[in-house]
Amino acid sequence: MKIKKSDLCLCLVVVLLILLFSCKKQEQVRSGLKIVVLSPEVGEIIASLGATDLLVGRTQECDYPEELLKVPVVGDFGAINREKVIALKPDLVFTSALEQDAIAQELQKVGIKVQQIYPKKLDDLPVIIRQIGDLIGKGQEASALSDSIATAIAEVRIKSANIFHPRVYVEIYRNPLMSVSDESFVGDVIESAGGDNIFSKLERDYARVDPEDVILAKPDIIICYSQDTLEGISSRKGWSNIPAVKNKRIYFEKDINPDLIQQATPRTVQGLRLLYAIFSEQMKK
Amino acid sequence: MKKEHWLILILILIFFALATLYLFIGNVSKEIVIQVRLPRMILTIFTGLTLAGIGSVYQLMLVNPLAEPYILGISSGSAFGAILFGVLGLTLLMPVGGFIGAVLTLIIVWRLAQKKGSFDRSRLLIAGVIVGMFFSAGISLIMYLFQKDTMIILGTLMGNLGHIFTENEWHFFLFLFAISIIILGRLYFRSTALDIMSGGDIYAGSVGIDVQKVRKELFLLTSILVGITVSYAGIIGFVGLIIPHIVRFFIPSGQKKIFLYSLITGGIFLLCCDLIAKNIAVIELPVGIITSAVGCPFFIWLLLKK
């Protein structure tokens, strides 16, 4: 019985301490906020809001813009060193969804404030920028940036509505063949820039596809992120009659940086404009 | 004799029915049939017959009913090589990575299995299993480190018959295919020796078989075949384990016939499974799941019936 009492006391003390510390943290918000960012998208947005100095930790993948490289690394996107994150005593941790669900829950359990940011659509981009801005005390900058991005997106959408919509196939992996659906962020960016994604519906945002379907869909443009080459795709069995292959309208990482269209960041506007330029070129031909 | 003729006839009929269905199901153009489906069908049949054939050889050679083509570690080494190339961005060279992995594993297992010049059966089995486990751990490590490339890894580990061939690659594959047929022919003619060896090394030696030599030859030849199949189709379980057993239900003894029927049945079985994998759901399922899902109930039914 005695032991149990002392245990109870200990527990109480711990709980009180946690409460005390958590109160203290909330007071700290506004001034010296300590942030750990596990999502490259959020890292880039924070940097573009001029708040890089608030960051105390990042993942290996949060490497743009260059100023983020000074921030200490706490692991890879999928393999985060929990102890390092906890030792940094962050006031706020930004995570992405899916793969980082587990770590988000674990950090929440030890009383760290976690914010998941997972933009699924292009229209989410201005929203998350505001949200992040409010959380890190950069509300004004964020709303300005958010407005300019929303305007830029609307502009491209209006322009692209009037062009001929080329059929677009995005290849993420080659073995097995994988592409994106309209539900994915890339898919939405492509549709907004005036392209017509050949796999509008898939079981998941990123899913396995049948090469037969690609051949049947006759895409006008191929965006290839699967490390294949022009010669490689042209010599695939049965692919030689695809319009994109015939006309050599295949674009690779060197033509369109994947980060510009796969991630929701201020740079997405660049990617959107780049894609629009590529798609509208088709119409002239 | 008559019953056997019927068996062959039925198998051939099933094969043609499946092949026609496989090639022409859905609305397809001539181009897709010839350029996409035919290569895939050849790869599928080749993989199925090779795995089942090797399974029947291994079960007798290692005197172990649980032996299957992947038991001697070659597959893990090959998959490790292919996956490593894949995650490092050399997607086009994944089959090459597979070959390198297979050859490397072959050399290691070969060395471990040797003991003072003798090539012992149980030593070979243990060496193969251990080396296989080692490379499996390597695959797990890659999986952990490169979580974003899960699809490449799963594609290899669960079997992927949808390999996209370029024209050159296809010609090279046909060359390997031709070599494999010669190797399978050689294995067929080693069946009698294998039958005798299953009665024990001493007995086989006494009737004039160079046991060490035959075993080394069989290990080398089958390893080459496993390396080729894993490099192009990944690891497809179940076929190599169960098909020889199913064949033995109908043909209890005589490795020559068992081997031959395993080849035919294996090819047909995998073709059937791939047909299901491609068409049962909206999304193409990994064929390795179908082989077990279809094969297990069938095998249970056979067990209960006989």
# chains A, B, ... in the order shown; residues from 1 in each chain; ligands from 1
call {"tool": "interface_residues", "arguments": {"of": "chain A", "to": "chain B", "cutoff": "8 Å", "atoms": "only C-alpha atoms", "output": "MDAnalysis selection string"}}
result
chainID A and resid 78:79 173:176 203 208:212 215 226:228 232:233 235:238
call {"tool": "residues_around", "arguments": {"residues": "B:Phe134", "least_positions_apart": "6", "cutoff": "9 Å", "atoms": "only C-alpha atoms", "output": "PyMOL selection string"}}
result
chain B and resi 73+76-77
call {"tool": "residues_around", "arguments": {"residues": "A:Leu275", "least_positions_apart": "4", "cutoff": "9 Å", "atoms": "only C-alpha atoms", "output": "list in words"}}
result
Val189, Ile190, Ala193, Gly194, Gly195, Ile256, Ile261, Gln270, Gly271, Phe279 and Ser280 of chain A
call {"tool": "write_last_selection", "arguments": {"atoms": "all heavy atoms", "output": "mmCIF file, in the first residue's frame"}}
result
data_model
loop_
_atom_site.group_PDB
_atom_site.id
_atom_site.type_symbol
_atom_site.label_atom_id
_atom_site.label_comp_id
_atom_site.auth_asym_id
_atom_site.auth_seq_id
_atom_site.Cartn_x
_atom_site.Cartn_y
_atom_site.Cartn_z
ATOM 1 N N VAL A 189 -2.478 20.089 -60.545
ATOM 2 C CA VAL A 189 -1.644 21.123 -61.176
ATOM 3 C C VAL A 189 -1.713 20.989 -62.701
ATOM 4 O O VAL A 189 -1.864 21.972 -63.426
ATOM 5 C CB VAL A 189 -0.176 21.018 -60.685
ATOM 6 C CG1 VAL A 189 0.741 21.918 -61.494
ATOM 7 C CG2 VAL A 189 -0.087 21.378 -59.214
ATOM 8 N N ILE A 190 -1.647 19.748 -63.185
ATOM 9 C CA ILE A 190 -1.692 19.508 -64.634
ATOM 10 C C ILE A 190 -3.028 19.958 -65.228
ATOM 11 O O ILE A 190 -3.075 20.654 -66.240
ATOM 12 C CB ILE A 190 -1.426 18.023 -64.929
ATOM 13 C CG1 ILE A 190 0.070 17.754 -64.752
ATOM 14 C CG2 ILE A 190 -1.850 17.653 -66.346
ATOM 15 C CD1 ILE A 190 0.440 16.320 -64.764
ATOM 16 N N ALA A 193 -3.262 23.680 -65.362
ATOM 17 C CA ALA A 193 -2.393 24.312 -66.360
ATOM 18 C C ALA A 193 -2.883 24.035 -67.777
ATOM 19 O O ALA A 193 -2.235 24.414 -68.743
ATOM 20 C CB ALA A 193 -0.957 23.828 -66.182
ATOM 21 N N GLY A 194 -4.008 23.334 -67.911
ATOM 22 C CA GLY A 194 -4.577 23.124 -69.238
ATOM 23 C C GLY A 194 -4.312 21.755 -69.829
ATOM 24 O O GLY A 194 -4.577 21.522 -71.003
ATOM 25 N N GLY A 195 -3.770 20.848 -69.043
ATOM 26 C CA GLY A 195 -3.550 19.496 -69.564
ATOM 27 C C GLY A 195 -4.709 18.591 -69.204
ATOM 28 O O GLY A 195 -5.524 18.912 -68.346
ATOM 29 N N ILE A 256 11.308 19.985 -66.376
ATOM 30 C CA ILE A 256 10.421 20.497 -65.316
ATOM 31 C C ILE A 256 10.873 19.876 -64.005
ATOM 32 O O ILE A 256 10.739 18.667 -63.807
ATOM 33 C CB ILE A 256 8.951 20.076 -65.529
ATOM 34 C CG1 ILE A 256 8.532 20.297 -66.974
ATOM 35 C CG2 ILE A 256 8.035 20.817 -64.590
ATOM 36 C CD1 ILE A 256 7.260 19.558 -67.324
ATOM 37 N N ILE A 261 6.093 20.932 -59.345
ATOM 38 C CA ILE A 261 4.692 20.536 -59.558
ATOM 39 C C ILE A 261 4.223 19.446 -58.597
ATOM 40 O O ILE A 261 3.041 19.195 -58.478
ATOM 41 C CB ILE A 261 4.432 20.102 -61.021
ATOM 42 C CG1 ILE A 261 5.267 18.895 -61.410
ATOM 43 C CG2 ILE A 261 4.681 21.246 -61.973
ATOM 44 C CD1 ILE A 261 4.861 18.329 -62.772
ATOM 45 N N GLN A 270 5.479 28.810 -60.414
ATOM 46 C CA GLN A 270 6.434 28.654 -61.521
ATOM 47 C C GLN A 270 6.123 27.402 -62.329
ATOM 48 O O GLN A 270 6.111 27.420 -63.555
ATOM 49 C CB GLN A 270 7.861 28.487 -60.985
ATOM 50 C CG GLN A 270 8.568 29.729 -60.553
ATOM 51 C CD GLN A 270 9.931 29.339 -59.992
ATOM 52 O OE1 GLN A 270 10.673 28.575 -60.602
ATOM 53 N NE2 GLN A 270 10.253 29.845 -58.813
ATOM 54 N N GLY A 271 5.927 26.304 -61.598
ATOM 55 C CA GLY A 271 5.642 25.023 -62.269
ATOM 56 C C GLY A 271 4.382 25.110 -63.104
ATOM 57 O O GLY A 271 4.336 24.622 -64.236
ATOM 58 N N PHE A 279 1.973 23.162 -72.529
ATOM 59 C CA PHE A 279 0.690 22.682 -73.052
ATOM 60 C C PHE A 279 0.164 23.584 -74.173
ATOM 61 O O PHE A 279 -0.426 23.109 -75.126
ATOM 62 C CB PHE A 279 -0.361 22.603 -71.932
ATOM 63 C CG PHE A 279 -0.022 21.610 -70.862
ATOM 64 C CD1 PHE A 279 -0.633 21.667 -69.610
ATOM 65 C CD2 PHE A 279 0.903 20.594 -71.100
ATOM 66 C CE1 PHE A 279 -0.312 20.749 -68.624
ATOM 67 C CE2 PHE A 279 1.225 19.676 -70.110
ATOM 68 C CZ PHE A 279 0.614 19.760 -68.872
ATOM 69 N N SER A 280 0.358 24.894 -74.015
ATOM 70 C CA SER A 280 -0.208 25.799 -75.030
ATOM 71 C C SER A 280 0.607 25.745 -76.319
ATOM 72 O O SER A 280 0.101 26.043 -77.390
ATOM 73 C CB SER A 280 -0.294 27.225 -74.497
ATOM 74 O OG SER A 280 0.964 27.639 -74.042
#
call {"tool": "residues_around", "arguments": {"residues": "A:Lys201", "least_positions_apart": "5", "cutoff": "8 Å", "atoms": "only C-alpha atoms", "output": "PDB file with N, CA and C atoms, in the first residue's frame"}}
result
ATOM      1  N   SER A 181      -3.313  10.314 -60.350  1.00  0.00           N
ATOM      2  CA  SER A 181      -4.713  10.573 -60.694  1.00  0.00           C
ATOM      3  C   SER A 181      -4.994  12.064 -60.553  1.00  0.00           C
ATOM      4  N   ASP A 182      -6.181  12.475 -60.988  1.00  0.00           N
ATOM      5  CA  ASP A 182      -6.564  13.887 -60.851  1.00  0.00           C
ATOM      6  C   ASP A 182      -6.672  14.289 -59.392  1.00  0.00           C
ATOM      7  N   GLU A 183      -6.888  13.289 -58.534  1.00  0.00           N
ATOM      8  CA  GLU A 183      -7.031  13.573 -57.104  1.00  0.00           C
ATOM      9  C   GLU A 183      -5.709  13.972 -56.462  1.00  0.00           C
TER      10      GLU A 183
END
call {"tool": "select_by_dssp", "arguments": {"residues": "stretch 119-186 of chain A", "states": "helix (DSSP H, G or I)", "output": "JSON, numbers by chain"}}
result
{"A": [124, 125, 126, 127, 128, 129, 130, 131, 132, 133, 134, 135, 139, 140, 141, 142, 143, 144, 145, 146, 147, 148, 149, 150, 151, 152, 153, 154, 155, 156, 157, 158, 159, 160, 161, 185, 186]}
call {"tool": "write_last_selection", "arguments": {"atoms": "C-alpha atoms", "output": "CSV table (one decimal), in the first residue's frame"}}
result
chain,number,residue,atom,x,y,z
A,124,ASP,CA,-5.2,24.2,-50.6
A,125,LEU,CA,-1.9,26.0,-51.2
A,126,PRO,CA,-3.1,29.6,-50.3
A,127,VAL,CA,-5.0,28.1,-47.4
A,128,ILE,CA,-2.1,26.3,-45.8
A,129,ILE,CA,0.2,29.4,-46.3
A,130,ARG,CA,-2.2,31.4,-44.2
A,131,GLN,CA,-2.5,28.6,-41.7
A,132,ILE,CA,1.2,28.3,-41.3
A,133,GLY,CA,1.6,32.1,-41.1
A,134,ASP,CA,-0.9,32.3,-38.3
A,135,LEU,CA,0.8,29.5,-36.4
A,139,GLY,CA,0.1,36.4,-40.4
A,140,GLN,CA,0.6,39.5,-42.4
A,141,GLU,CA,3.4,38.2,-44.7
A,142,ALA,CA,1.4,35.0,-45.1
A,143,SER,CA,-1.8,36.7,-46.2
A,144,ALA,CA,0.1,38.8,-48.8
A,145,LEU,CA,1.9,35.7,-50.2
A,146,SER,CA,-1.3,33.7,-50.1
A,147,ASP,CA,-3.2,36.4,-52.0
A,148,SER,CA,-0.6,36.7,-54.7
A,149,ILE,CA,-0.4,32.9,-55.2
A,150,ALA,CA,-4.2,32.7,-55.4
A,151,THR,CA,-4.3,35.4,-58.0
A,152,ALA,CA,-1.5,33.7,-60.0
A,153,ILE,CA,-3.3,30.4,-60.0
A,154,ALA,CA,-6.6,32.0,-61.1
A,155,GLU,CA,-4.7,33.8,-63.9
A,156,VAL,CA,-3.3,30.5,-65.3
A,157,ARG,CA,-6.6,28.8,-65.0
A,158,ILE,CA,-8.4,31.5,-67.0
A,159,LYS,CA,-5.7,31.4,-69.7
A,160,SER,CA,-5.6,27.6,-69.8
A,161,ALA,CA,-9.3,27.3,-70.1
A,185,PHE,CA,-1.6,17.3,-56.2
A,186,VAL,CA,0.4,16.8,-59.5
call {"tool": "residues_around", "arguments": {"residues": "stretch 253-262 of chain B", "least_positions_apart": "5", "cutoff": "7 Å", "atoms": "only C-alpha atoms", "output": "count of residues only"}}
result
12
